[in-house]
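Visitor: To be precise about what I am sending: the file is called my_file-v2.csv and holds CSV, C-alpha atoms and all ligand atoms.
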chain,number,residue,atom,x,y,z
V,1,MET,CA,0.0,0.0,0.0
V,2,THR,CA,1.0,3.6,-0.5
V,3,PHE,CA,1.1,6.0,2.4
V,4,GLU,CA,-2.3,7.5,1.3
V,5,GLN,CA,-3.9,4.0,0.8
V,6,ALA,CA,-2.7,2.9,4.2
V,7,ARG,CA,-4.0,6.1,5.8
V,8,GLY,CA,-7.3,5.6,4.1
V,9,CYS,CA,-7.4,2.0,5.4
V,10,VAL,CA,-6.8,3.1,9.0
V,11,ARG,CA,-9.5,5.8,8.7
V,12,GLU,CA,-11.9,3.3,7.3
V,13,LYS,CA,-11.3,0.7,10.0
V,14,LEU,CA,-11.5,3.3,12.7
V,15,ALA,CA,-14.8,4.6,11.3
V,16,GLY,CA,-16.2,1.1,11.7
V,17,GLU,CA,-15.0,0.9,15.3
V,18,ARG,CA,-18.1,0.2,17.4
V,19,ARG,CA,-16.9,0.5,21.0
V,20,ARG,CA,-17.7,3.8,22.6
V,21,PRO,CA,-15.5,5.0,25.4
V,22,GLY,CA,-17.0,5.4,28.9
V,23,VAL,CA,-17.8,8.9,30.1
V,24,GLU,CA,-16.2,10.6,33.1
V,25,GLU,CA,-16.5,14.1,34.6
V,26,ALA,CA,-13.5,16.5,34.8
V,27,GLY,CA,-13.2,19.9,36.4
V,28,LEU,CA,-12.8,22.8,34.1
V,29,ARG,CA,-9.1,23.0,35.0
V,30,GLU,CA,-8.5,19.3,34.3
V,31,ALA,CA,-10.5,19.2,31.1
V,32,ALA,CA,-7.9,20.6,28.8
V,33,GLY,CA,-6.5,17.9,26.5
V,34,ARG,CA,-9.5,15.6,27.1
V,35,VAL,CA,-12.3,14.9,24.6
V,36,LEU,CA,-15.7,16.3,25.2
V,37,ALA,CA,-18.3,13.6,25.6
V,38,ALA,CA,-21.5,15.6,25.2
V,39,GLN,CA,-22.4,18.7,23.1
V,40,VAL,CA,-22.4,22.0,24.9
V,41,ALA,CA,-25.1,24.5,24.2
V,42,ALA,CA,-25.2,28.3,24.8
V,43,ASP,CA,-26.9,29.1,28.1
V,44,ARG,CA,-28.2,32.4,26.7
V,45,ASP,CA,-27.8,34.5,23.6
V,46,TYR,CA,-24.2,35.5,22.9
V,47,PRO,CA,-24.0,38.4,23.3
V,48,PRO,CA,-27.1,38.6,25.5
V,49,VAL,CA,-27.8,42.1,24.3
V,50,ALA,CA,-26.3,44.3,21.5
V,51,ARG,CA,-22.8,45.3,22.7
V,52,ALA,CA,-20.3,47.9,21.7
V,53,MET,CA,-17.2,46.6,20.0
V,54,ARG,CA,-15.3,49.8,20.5
V,55,ASP,CA,-14.8,52.7,22.9
V,56,GLY,CA,-16.6,55.7,21.4
V,57,TYR,CA,-20.1,57.1,21.1
V,58,ALA,CA,-23.4,55.3,20.6
V,59,ILE,CA,-25.4,57.4,18.1
V,60,ARG,CA,-28.1,57.2,15.4
V,61,ALA,CA,-26.3,56.6,12.0
V,62,ALA,CA,-28.8,59.0,10.3
V,63,ASP,CA,-27.4,61.8,12.5
V,64,VAL,CA,-23.8,61.8,11.2
V,65,PRO,CA,-21.9,63.6,9.9
V,66,GLY,CA,-22.9,66.2,12.5
V,67,THR,CA,-22.5,67.6,16.0
V,68,LEU,CA,-24.4,65.7,18.7
V,69,ARG,CA,-25.3,66.4,22.3
V,70,VAL,CA,-23.6,64.0,24.8
V,71,THR,CA,-26.3,63.0,27.3
V,72,GLY,CA,-24.4,60.5,29.4
V,73,GLU,CA,-22.1,57.5,29.5
V,74,VAL,CA,-22.3,53.8,29.7
V,75,ARG,CA,-19.4,51.6,30.8
V,76,ALA,CA,-18.9,47.8,30.7
V,77,GLY,CA,-21.0,46.2,33.4
V,78,GLN,CA,-23.7,48.9,33.3
V,79,THR,CA,-26.9,49.5,31.3
V,80,PHE,CA,-27.9,53.0,30.2
V,81,ALA,CA,-31.3,53.8,31.6
V,82,GLY,CA,-32.4,56.3,29.0
V,83,GLN,CA,-32.6,56.5,25.2
V,84,VAL,CA,-30.4,58.0,22.5
V,85,GLY,CA,-32.7,60.5,20.9
V,86,PRO,CA,-32.2,62.4,17.5
V,87,GLY,CA,-29.2,64.6,17.7
V,88,GLU,CA,-27.9,62.8,20.8
V,89,ALA,CA,-24.9,60.6,21.7
V,90,VAL,CA,-23.9,58.5,24.7
V,91,GLU,CA,-20.3,57.9,25.5
V,92,ILE,CA,-19.8,54.1,25.5
V,93,MET,CA,-17.0,51.7,26.4
V,94,THR,CA,-16.1,48.4,24.7
V,95,GLY,CA,-18.4,45.6,25.9
V,96,ALA,CA,-21.1,47.9,27.3
V,97,PRO,CA,-24.7,47.3,26.2
V,98,VAL,CA,-25.8,49.6,23.4
V,99,PRO,CA,-28.4,52.1,24.7
V,100,ALA,CA,-31.9,52.0,23.3
V,101,GLY,CA,-32.4,54.3,20.3
V,102,ALA,CA,-28.7,54.0,19.1
V,103,ASP,CA,-27.9,52.0,16.0
V,104,ALA,CA,-24.2,52.5,15.6
V,105,VAL,CA,-21.0,53.1,17.6
V,106,VAL,CA,-18.4,55.6,16.4
V,107,MET,CA,-14.8,54.9,17.6
V,108,VAL,CA,-13.5,57.6,19.9
V,109,GLU,CA,-10.6,58.1,17.5
V,110,HIS,CA,-13.0,59.3,14.8
V,111,THR,CA,-14.7,61.9,17.0
V,112,ARG,CA,-13.8,65.3,18.5
V,113,ARG,CA,-15.2,66.3,21.9
V,114,GLU,CA,-16.2,70.0,22.3
V,115,GLY,CA,-17.5,70.4,25.8
V,116,SER,CA,-20.9,68.7,26.1
V,117,ALA,CA,-21.0,68.1,22.3
V,118,VAL,CA,-19.2,65.6,20.1
V,119,VAL,CA,-18.3,66.3,16.5
V,120,ILE,CA,-18.4,63.4,14.0
V,121,GLU,CA,-17.2,64.3,10.6
V,122,GLU,CA,-17.7,61.0,8.7
V,123,ALA,CA,-20.8,59.1,7.9
V,124,VAL,CA,-21.2,55.6,9.5
V,125,LYS,CA,-23.5,52.7,8.5
V,126,ALA,CA,-26.2,51.4,10.9
V,127,GLY,CA,-24.8,48.5,12.9
V,128,GLU,CA,-21.2,49.9,12.9
V,129,ALA,CA,-19.1,48.6,15.8
V,130,ILE,CA,-22.1,46.8,17.3
V,131,ASN,CA,-22.4,43.1,17.9
V,132,PRO,CA,-26.2,42.4,17.8
V,133,GLN,CA,-27.8,40.2,20.4
V,134,GLY,CA,-27.3,36.5,19.6
V,135,CYS,CA,-25.0,37.1,16.6
V,136,GLU,CA,-22.3,34.8,18.0
V,137,ALA,CA,-24.6,32.0,19.3
V,138,ARG,CA,-28.3,31.7,20.1
V,139,LEU,CA,-29.7,30.4,23.4
V,140,GLY,CA,-29.7,26.6,23.1
V,141,GLU,CA,-27.4,26.5,20.0
V,142,THR,CA,-24.6,24.0,20.1
V,143,VAL,CA,-21.3,25.8,20.6
V,144,ILE,CA,-19.0,22.7,20.9
V,145,GLU,CA,-19.8,19.3,19.4
V,146,ALA,CA,-19.2,16.1,21.3
V,147,GLY,CA,-16.0,14.4,20.2
V,148,ARG,CA,-13.9,17.5,20.1
V,149,ARG,CA,-10.5,17.7,21.8
V,150,ILE,CA,-10.7,20.4,24.5
V,151,GLY,CA,-8.1,23.1,23.8
V,152,PHE,CA,-7.8,26.6,25.3
V,153,ALA,CA,-10.5,28.0,23.1
V,154,GLU,CA,-13.0,25.3,24.1
V,155,ILE,CA,-12.1,25.9,27.8
V,156,ALA,CA,-13.0,29.6,27.2
V,157,MET,CA,-16.3,28.6,25.7
V,158,LEU,CA,-17.1,26.1,28.5
V,159,ALA,CA,-16.2,28.8,31.1
V,160,ALA,CA,-18.4,31.3,29.3
V,161,VAL,CA,-21.5,29.1,29.4
V,162,GLY,CA,-20.8,28.2,33.0
V,163,VAL,CA,-19.8,24.5,32.7
V,164,THR,CA,-17.7,23.7,35.7
V,165,ARG,CA,-18.0,19.9,35.5
V,166,VAL,CA,-17.1,18.8,32.0
V,167,PRO,CA,-18.3,15.4,30.6
V,168,VAL,CA,-15.2,13.8,28.9
V,169,TYR,CA,-14.5,10.4,27.5
V,170,ALA,CA,-12.4,7.9,29.4
V,171,ARG,CA,-8.8,7.8,28.1
V,172,PRO,CA,-8.1,4.7,26.1
V,173,ARG,CA,-5.7,2.2,27.6
V,174,VAL,CA,-2.8,1.4,25.2
V,175,ALA,CA,-0.6,-1.6,25.8
V,176,ILE,CA,3.0,-1.3,24.6
V,177,VAL,CA,5.0,-4.5,23.9
V,178,ALA,CA,8.6,-4.0,22.7
V,179,THR,CA,10.1,-7.1,21.2
V,180,GLY,CA,13.7,-8.2,20.7
V,181,ASP,CA,16.3,-10.5,22.2
V,182,GLU,CA,18.7,-7.5,22.1
V,183,VAL,CA,16.5,-5.1,24.0
V,184,VAL,CA,17.3,-4.4,27.7
V,185,GLU,CA,15.8,-2.2,30.4
V,186,VAL,CA,16.7,1.5,30.3
V,187,SER,CA,18.3,1.2,33.8
V,188,GLU,CA,20.6,-1.6,32.6
V,189,MET,CA,24.0,-1.3,31.0
V,190,PRO,CA,23.6,-2.8,27.6
V,191,ARG,CA,26.4,-5.0,26.2
V,192,THR,CA,27.7,-3.9,22.8
V,193,ASP,CA,25.3,-6.3,21.1
V,194,GLN,CA,22.3,-4.9,23.1
V,195,VAL,CA,20.2,-1.7,23.0
V,196,ARG,CA,18.1,-0.1,25.7
V,197,ASN,CA,14.3,-0.2,25.3
V,198,SER,CA,13.8,3.4,24.1
V,199,ASN,CA,10.8,2.5,21.9
V,200,ALA,CA,8.5,1.7,24.7
V,201,TYR,CA,9.2,5.1,26.3
V,202,SER,CA,9.0,7.1,23.1
V,203,LEU,CA,5.7,5.3,22.3
V,204,ALA,CA,4.4,5.9,25.8
V,205,ALA,CA,5.1,9.6,25.4
V,206,GLN,CA,3.4,9.7,22.1
V,207,VAL,CA,0.4,7.8,23.4
V,208,GLU,CA,0.0,10.1,26.4
V,209,ARG,CA,0.4,13.2,24.3
V,210,CYS,CA,-2.7,12.3,22.2
V,211,GLY,CA,-4.8,11.4,25.2
V,212,GLY,CA,-4.1,7.7,25.9
V,213,VAL,CA,-2.9,5.9,29.0
V,214,ALA,CA,0.2,4.0,28.1
V,215,GLU,CA,0.9,0.6,29.8
V,216,ILE,CA,4.4,-0.6,29.2
V,217,LEU,CA,4.6,-4.4,29.3
V,218,PRO,CA,7.8,-6.4,29.7
V,219,VAL,CA,9.9,-6.9,26.6
V,220,ALA,CA,8.9,-9.9,24.6
V,221,ARG,CA,11.9,-12.1,23.6
V,222,ASP,CA,11.9,-13.3,20.0
V,223,GLU,CA,10.5,-16.6,21.1
V,224,TRP,CA,7.0,-18.0,20.5
V,225,ALA,CA,5.5,-18.6,24.0
V,226,ALA,CA,6.8,-15.3,25.5
V,227,THR,CA,5.6,-13.2,22.6
V,228,ARG,CA,2.2,-14.9,22.6
V,229,ALA,CA,1.7,-14.5,26.3
V,230,LEU,CA,2.6,-10.7,26.2
V,231,ILE,CA,0.4,-10.1,23.1
V,232,GLU,CA,-2.5,-11.8,25.0
V,233,ARG,CA,-1.8,-9.6,28.0
V,234,GLY,CA,-1.7,-6.5,25.8
V,235,LEU,CA,-5.1,-7.4,24.3
V,236,GLU,CA,-6.7,-6.6,27.6
V,237,ALA,CA,-6.1,-2.9,26.8
V,238,ASP,CA,-8.1,-1.0,24.2
V,239,LEU,CA,-5.3,-0.9,21.7
V,240,LEU,CA,-2.1,-2.9,21.3
V,241,LEU,CA,1.1,-1.5,20.0
V,242,LEU,CA,4.1,-3.7,19.3
V,243,SER,CA,7.5,-2.6,18.4
V,244,GLY,CA,9.9,-4.7,16.4
V,245,GLY,CA,9.7,-8.2,15.1
V,246,VAL,CA,7.7,-7.4,12.0
V,247,SER,CA,10.4,-7.4,9.3
V,248,ALA,CA,11.4,-10.4,7.2
V,249,GLY,CA,14.1,-11.7,9.6
V,250,LYS,CA,14.2,-15.3,10.8
V,251,TYR,CA,13.3,-14.2,14.3
V,252,ASP,CA,10.6,-11.7,13.4
V,253,ILE,CA,7.7,-13.7,14.7
V,254,VAL,CA,5.2,-11.1,15.7
V,255,GLU,CA,3.0,-11.5,12.6
V,256,ARG,CA,3.0,-15.2,12.8
V,257,VAL,CA,2.1,-15.2,16.5
V,258,LEU,CA,-0.8,-12.8,15.8
V,259,ALA,CA,-1.9,-15.0,12.9
V,260,GLU,CA,-2.0,-18.0,15.3
V,261,LEU,CA,-4.2,-16.0,17.6
V,262,GLY,CA,-6.7,-15.5,14.7
V,263,ALA,CA,-5.7,-12.0,13.6
V,264,GLU,CA,-7.2,-10.3,10.6
V,265,PHE,CA,-4.5,-8.2,8.8
V,266,TYR,CA,-5.5,-5.0,7.0
V,267,PHE,CA,-2.0,-4.4,5.8
V,268,ASP,CA,1.5,-5.6,6.6
V,269,ARG,CA,3.7,-3.4,4.4
V,270,VAL,CA,3.4,0.3,3.5
V,271,LYS,CA,5.6,2.2,1.0
V,272,VAL,CA,6.9,4.6,3.6
V,273,GLN,CA,10.4,5.2,5.0
V,274,PRO,CA,11.2,4.8,7.8
V,275,GLY,CA,8.8,2.0,8.5
V,276,GLN,CA,8.1,-0.2,5.5
V,277,PRO,CA,7.2,-3.4,7.3
V,278,LEU,CA,4.2,-2.1,9.3
V,279,VAL,CA,1.3,-4.3,10.4
V,280,PHE,CA,-2.2,-3.2,11.2
V,281,GLY,CA,-5.1,-5.5,12.0
V,282,ARG,CA,-7.6,-6.7,14.5
V,283,VAL,CA,-7.4,-9.7,16.8
V,284,LYS,CA,-9.9,-10.8,19.4
V,285,GLU,CA,-11.9,-7.6,18.6
V,286,LYS,CA,-9.0,-5.3,19.4
V,287,LEU,CA,-7.0,-3.3,16.9
V,288,PHE,CA,-3.2,-3.6,16.9
V,289,PHE,CA,-0.3,-2.1,15.2
V,290,GLY,CA,3.0,-3.9,14.7
V,291,LEU,CA,5.5,-1.1,14.3
V,292,PRO,CA,9.0,-1.7,13.0
V,293,GLY,CA,11.6,-1.6,15.7
V,294,ASN,CA,14.1,1.0,14.5
V,295,PRO,CA,13.5,4.0,16.7
V,296,ALA,CA,12.7,6.5,13.9
V,297,SER,CA,10.4,3.9,12.2
V,298,THR,CA,8.5,3.3,15.5
V,299,MET,CA,8.0,7.1,16.0
V,300,VAL,CA,7.0,8.0,12.5
V,301,THR,CA,4.6,5.1,12.0
V,302,PHE,CA,3.0,5.8,15.3
V,303,GLU,CA,2.5,9.4,14.5
V,304,VAL,CA,1.1,8.9,11.0
V,305,PHE,CA,-0.9,5.7,11.6
V,306,ALA,CA,-1.4,4.6,15.1
V,307,ARG,CA,-2.0,8.0,16.7
V,308,ALA,CA,-5.4,8.3,14.9
V,309,ALA,CA,-6.4,5.0,16.5
V,310,VAL,CA,-5.6,6.3,20.0
V,311,GLU,CA,-7.6,9.4,19.2
V,312,VAL,CA,-10.6,7.6,17.9
V,313,LEU,CA,-10.6,5.1,20.7
V,314,GLY,CA,-10.6,8.2,23.0
V,315,GLY,CA,-13.8,9.4,21.4
V,316,GLU,CA,-12.3,12.1,19.2
V,317,SER,CA,-14.4,12.6,16.0
V,318,GLU,CA,-11.6,14.0,13.9
V,319,PRO,CA,-8.3,12.3,14.3
V,320,SER,CA,-5.4,14.5,13.4
V,321,LEU,CA,-2.6,14.2,10.9
V,322,ARG,CA,-1.0,17.5,11.1
V,323,LEU,CA,0.9,17.9,7.9
V,324,LEU,CA,1.8,21.5,7.2
V,325,TRP,CA,3.3,23.2,4.3
V,326,THR,CA,6.5,25.3,4.5
V,327,ARG,CA,9.5,26.2,2.3
V,328,LEU,CA,12.7,24.4,2.1
V,329,GLY,CA,15.8,26.2,3.6
V,330,ALA,CA,18.2,24.1,1.5
V,331,LYS,CA,18.0,22.0,-1.7
V,332,PHE,CA,17.1,18.5,-1.2
V,333,ARG,CA,16.7,15.2,-3.1
V,334,HIS,CA,15.6,11.7,-2.3
V,335,LYS,CA,15.1,8.4,-4.2
V,336,PRO,CA,11.5,8.3,-5.5
V,337,GLY,CA,9.2,5.4,-4.8
V,338,LEU,CA,8.5,5.8,-1.1
V,339,THR,CA,6.9,8.5,1.0
V,340,ARG,CA,9.9,9.5,3.2
V,341,PHE,CA,9.7,11.1,6.6
V,342,LEU,CA,13.1,12.7,7.3
V,343,PRO,CA,14.3,14.5,10.4
V,344,ALA,CA,14.3,18.2,9.8
V,345,ARG,CA,14.3,21.5,11.7
V,346,ILE,CA,11.5,23.9,11.3
V,347,GLU,CA,13.1,27.3,11.7
V,348,ALA,CA,12.3,31.0,11.6
V,349,GLY,CA,8.9,30.6,13.3
V,350,GLY,CA,7.8,28.0,10.7
V,351,GLU,CA,8.9,29.9,7.6
V,352,ARG,CA,11.3,27.3,6.5
V,353,VAL,CA,12.4,23.7,7.1
V,354,THR,CA,15.9,22.3,6.8
V,355,PRO,CA,16.8,18.6,6.7
V,356,VAL,CA,19.0,17.3,9.5
V,357,GLY,CA,21.8,15.0,8.5
V,358,TRP,CA,21.1,11.5,9.6
V,359,LYS,CA,22.4,7.9,9.4
V,360,GLY,CA,19.2,6.0,8.9
V,361,SER,CA,16.2,4.8,11.0
V,362,GLY,CA,18.3,4.0,14.1
V,363,ASP,CA,19.8,7.5,14.4
V,364,MET,CA,18.1,8.8,17.5
V,365,ALA,CA,20.7,11.6,17.9
V,366,ALA,CA,19.5,13.1,14.6
V,367,LEU,CA,15.9,12.8,15.7
V,368,ALA,CA,16.7,14.6,19.0
V,369,ARG,CA,18.4,17.4,17.0
V,370,ALA,CA,15.3,17.7,14.7
V,371,ASN,CA,11.9,19.1,15.6
V,372,ALA,CA,9.9,17.8,12.7
V,373,PHE,CA,9.8,15.3,9.9
V,374,LEU,CA,10.0,16.6,6.3
V,375,VAL,CA,7.7,14.6,4.1
V,376,ALA,CA,9.2,13.7,0.7
V,377,GLU,CA,6.5,12.6,-1.8
V,378,PRO,CA,7.2,9.3,-3.6
V,379,GLU,CA,6.8,10.8,-7.2
V,380,ARG,CA,9.3,13.6,-6.8
V,381,GLU,CA,13.1,13.5,-6.7
V,382,CYS,CA,14.5,17.0,-6.3
V,383,TRP,CA,13.5,20.1,-4.4
V,384,GLU,CA,15.3,23.5,-4.7
V,385,GLU,CA,15.8,25.9,-1.8
V,386,GLY,CA,12.5,27.9,-1.4
V,387,ASP,CA,10.3,25.1,-2.8
V,388,TRP,CA,7.1,24.3,-0.8
V,389,ILE,CA,7.2,20.9,1.0
V,390,ARG,CA,5.0,19.2,3.6
V,391,VAL,CA,6.2,18.7,7.1
V,392,LEU,CA,5.0,16.7,10.1
V,393,PRO,CA,5.8,18.8,13.2
V,394,ARG,CA,6.4,17.0,16.4
V,401,LIG,P1,13.3,-5.2,14.3
V,401,LIG,O1,12.2,-4.3,13.7
V,401,LIG,O2,12.8,-6.1,15.4
V,401,LIG,O3,14.1,-5.9,13.3
V,401,LIG,O4,14.3,-4.1,15.0
V,401,LIG,C1,15.1,-3.3,14.3
V,401,LIG,C2,16.2,-2.6,15.1
V,401,LIG,O5,15.5,-1.7,15.9
V,401,LIG,C3,16.9,-3.5,16.1
V,401,LIG,O6,18.1,-4.0,15.6
V,401,LIG,C4,17.2,-2.6,17.3
V,401,LIG,O7,18.5,-2.0,17.0
V,401,LIG,C5,16.2,-1.6,17.2
V,401,LIG,N1,15.2,-1.8,18.2
V,401,LIG,C6,14.3,-2.8,18.3
V,401,LIG,N2,13.5,-2.7,19.3
V,401,LIG,C7,13.9,-1.6,20.0
V,401,LIG,C8,13.5,-1.0,21.2
V,401,LIG,N3,12.5,-1.4,21.9
V,401,LIG,N4,14.2,0.2,21.6
V,401,LIG,C9,15.2,0.6,20.8
V,401,LIG,N5,15.6,0.1,19.7
V,401,LIG,C10,15.0,-1.0,19.3
V,402,MG,MG,13.7,-7.6,16.5
What is this file in structure tokens?
Ligand code: AMP
Ligand code: MG
Guide:
Amino acid sequence: MTFEQARGCVREKLAGERRRPGVEEAGLREAAGRVLAAQVAADRDYPPVARAMRDGYAIRAADVPGTLRVTGEVRAGQTFAGQVGPGEAVEIMTGAPVPAGADAVVMVEHTRREGSAVVIEEAVKAGEAINPQGCEARLGETVIEAGRRIGFAEIAMLAAVGVTRVPVYARPRVAIVATGDEVVEVSEMPRTDQVRNSNAYSLAAQVERCGGVAEILPVARDEWAATRALIERGLEADLLLLSGGVSAGKYDIVERVLAELGAEFYFDRVKVQPGQPLVFGRVKEKLFFGLPGNPASTMVTFEVFARAAVEVLGGESEPSLRLLWTRLGAKFRHKPGLTRFLPARIEAGGERVTPVGWKGSGDMAALARANAFLVAEPERECWEEGDWIRVLPR
């Protein structure tokens, strides 16, 4: 499968996912980053009355240009008791209710005060600098849909409508099983033929960043019984992530063990690099991903494929794949045929991206120097400095 086909396949299988996460309640301060489990409606009209959008004078549009008599003032948090009659103006502050009779607000910068009068030299349209009642949202109207990840803007909306206890979906539990005879605990001193288990920890960080609860299981040795036992344990979670053991090597047994457990495979190879051998399927009603073991492969394939599963199992209605466009800071070429995700640095506030030199999918030092992956499309070979290219920020 190509990258796009595999993405489409993951989307399709996730759309058919029947299990709905449980619902919990979170305080407003704890709700950021969670997924909203029920739609939120406006508790009144927004704004509840017509409000001034500027500091200035509430007037009748038909009266200007002209010189108007200032009959009073209204500040935010107050309501003007009287009316704005013909030839009259009321001094008004941003956010204050527009007095009855007025149909426009003229910015103070466009006025000249002369004692108890105000001179306005330009015409204004009715409605100028006024937000009419209910123009942002009507009472009862949905302001946030269920299934939306709660960010700071959603927090503001929840606060505005007075929601202090927020219904959110339970976080999905994600089991992480690293495989490999050569993989040792992070606290151990690896022999020269061993590596520390960095994948379980990078995956856990990625899972938790998109709202999952990561459970790191013991490392599965490249041996049938141990691998099978750990896969079965991992299937108690909502989603199973495996790292390593899915290539064509003699001891890459993950796929075969999954098959023995009755797995259905949706794909087992994708034309991406890093990460070509990449397994996605379902076994015992749970989705699983077998991610290739090289650290960059594990990270990239999680980000572009498995992350969407964590999000959907967490109740999110629109899983993300945040590919952005920016310009290349240096010329760049790759061998066409695969969609490549290469370590790169987004610089100058996002205005350009520059590839970071690296020595292949195991080069974690290059990944740590980078802050993004540059996405090289499979059909193209060369890019010049300044060309547009897609990036996956991280
Ligand atoms: P595999 O996909 O099992 O063939 O693994 C490919 C390579 O990735 C191995 O040779 C290791 O160097 C590396 N690797 C595998 N698993 C891990 C892990 N859990 N943490 C760090 N590196 C790993
Ligand atoms: Mg291995």
Visitor: Which is closer to Lys271 in chain V than all the others in V:Thr79, V:Thr111, V:Gln5, V:Ser317, using all atoms listed in the file?
Guide: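 Between V:Thr79, V:Thr111, V:Gln5, V:Ser317, the residue approaching Lys271 in chain V most closely is V:Gln5.
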Visitor: Name the closest residue to ligand MG 402 (chain V) among the candidates V:Cys210, V:Ile253, V:Met1, V:Ala102; distances are taken between atoms, counting only C-alpha atoms and all ligand atoms.
Guide: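 Comparing V:Cys210, V:Ile253, V:Met1, V:Ala102 against ligand MG 402 (chain V), the winner is V:Ile253.
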Visitor: For a cut-off of 9 Å around (-29.0, 54.8, 24.9), file coordinates, pick out all residues using all atoms listed in the file and list them as a compact mmCIF listing (two decimals) with C-alpha atoms, in the frame of the given file.
Guide:
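Writing the result to part.txt gives the following:
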# COMPACT_ATOMS: atom_id res chain seq x y z
CA ALA V 58 -23.40 55.30 20.60
CA ILE V 59 -25.40 57.40 18.10
CA THR V 71 -26.30 63.00 27.30
CA GLY V 72 -24.40 60.50 29.40
CA GLU V 73 -22.10 57.50 29.50
CA VAL V 74 -22.30 53.80 29.70
CA THR V 79 -26.90 49.50 31.30
CA PHE V 80 -27.90 53.00 30.20
CA ALA V 81 -31.30 53.80 31.60
CA GLY V 82 -32.40 56.30 29.00
CA GLN V 83 -32.60 56.50 25.20
CA VAL V 84 -30.40 58.00 22.50
CA GLY V 85 -32.70 60.50 20.90
CA ALA V 89 -24.90 60.60 21.70
CA VAL V 90 -23.90 58.50 24.70
CA PRO V 97 -24.70 47.30 26.20
CA VAL V 98 -25.80 49.60 23.40
CA PRO V 99 -28.40 52.10 24.70
CA ALA V 100 -31.90 52.00 23.30
CA GLY V 101 -32.40 54.30 20.30
CA ALA V 102 -28.70 54.00 19.10
Visitor: Quick one: residues within 9 Å of ligand LIG 401 (chain V), with only C-alpha atoms and all ligand atoms, as a PDB file with C-alpha atoms, in the coordinates of the input?
Guide:
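File written: part-v3.pdb
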ATOM      1  CA  VAL V 177       5.000  -4.500  23.900  1.00  0.00           C
ATOM      2  CA  ALA V 178       8.600  -4.000  22.700  1.00  0.00           C
ATOM      3  CA  THR V 179      10.100  -7.100  21.200  1.00  0.00           C
ATOM      4  CA  GLY V 180      13.700  -8.200  20.700  1.00  0.00           C
ATOM      5  CA  ASP V 181      16.300 -10.500  22.200  1.00  0.00           C
ATOM      6  CA  GLU V 182      18.700  -7.500  22.100  1.00  0.00           C
ATOM      7  CA  VAL V 183      16.500  -5.100  24.000  1.00  0.00           C
ATOM      8  CA  VAL V 184      17.300  -4.400  27.700  1.00  0.00           C
ATOM      9  CA  GLN V 194      22.300  -4.900  23.100  1.00  0.00           C
ATOM     10  CA  VAL V 195      20.200  -1.700  23.000  1.00  0.00           C
ATOM     11  CA  ARG V 196      18.100  -0.100  25.700  1.00  0.00           C
ATOM     12  CA  ASN V 197      14.300  -0.200  25.300  1.00  0.00           C
ATOM     13  CA  SER V 198      13.800   3.400  24.100  1.00  0.00           C
ATOM     14  CA  ASN V 199      10.800   2.500  21.900  1.00  0.00           C
ATOM     15  CA  ALA V 200       8.500   1.700  24.700  1.00  0.00           C
ATOM     16  CA  TYR V 201       9.200   5.100  26.300  1.00  0.00           C
ATOM     17  CA  SER V 202       9.000   7.100  23.100  1.00  0.00           C
ATOM     18  CA  VAL V 219       9.900  -6.900  26.600  1.00  0.00           C
ATOM     19  CA  ASP V 222      11.900 -13.300  20.000  1.00  0.00           C
ATOM     20  CA  SER V 243       7.500  -2.600  18.400  1.00  0.00           C
ATOM     21  CA  GLY V 244       9.900  -4.700  16.400  1.00  0.00           C
ATOM     22  CA  GLY V 245       9.700  -8.200  15.100  1.00  0.00           C
ATOM     23  CA  VAL V 246       7.700  -7.400  12.000  1.00  0.00           C
ATOM     24  CA  SER V 247      10.400  -7.400   9.300  1.00  0.00           C
ATOM     25  CA  ALA V 248      11.400 -10.400   7.200  1.00  0.00           C
ATOM     26  CA  GLY V 249      14.100 -11.700   9.600  1.00  0.00           C
ATOM     27  CA  TYR V 251      13.300 -14.200  14.300  1.00  0.00           C
ATOM     28  CA  ASP V 252      10.600 -11.700  13.400  1.00  0.00           C
ATOM     29  CA  GLY V 275       8.800   2.000   8.500  1.00  0.00           C
ATOM     30  CA  PRO V 277       7.200  -3.400   7.300  1.00  0.00           C
ATOM     31  CA  LEU V 291       5.500  -1.100  14.300  1.00  0.00           C
ATOM     32  CA  PRO V 292       9.000  -1.700  13.000  1.00  0.00           C
ATOM     33  CA  GLY V 293      11.600  -1.600  15.700  1.00  0.00           C
ATOM     34  CA  ASN V 294      14.100   1.000  14.500  1.00  0.00           C
ATOM     35  CA  PRO V 295      13.500   4.000  16.700  1.00  0.00           C
ATOM     36  CA  ALA V 296      12.700   6.500  13.900  1.00  0.00           C
ATOM     37  CA  SER V 297      10.400   3.900  12.200  1.00  0.00           C
ATOM     38  CA  THR V 298       8.500   3.300  15.500  1.00  0.00           C
ATOM     39  CA  SER V 361      16.200   4.800  11.000  1.00  0.00           C
ATOM     40  CA  GLY V 362      18.300   4.000  14.100  1.00  0.00           C
TER      41      GLY V 362
END
Visitor: By how many Å are CA of Ile144 in chain V and CA of Gly22 in chain V apart?
Guide: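 Answer for the CA of Ile144 in chain V to CA of Gly22 in chain V separation: 19.2 Å.
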Visitor: Set the distance at 12 Å and use only C-alpha atoms: which residues neighbour Asn371 in chain V once local chain neighbours fewer than 4 positions away are removed? I'd like the list as a ChimeraX atom specification.
Guide: /V:342-347,350,353-356,365-367,391-394
Visitor: As a VMD selection string, please: the residues near Gly386 in chain V (cut-off 9 Å, all atoms listed in the file, same-chain neighbours under 5 positions excluded).
Guide: chain V and resid 326 to 331 352
Visitor: CA of Ala61 in chain V to CA of Gln78 in chain V: how many Å, to one decimal?
Guide: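 Distance reported for this atom pair: 22.8 Å.
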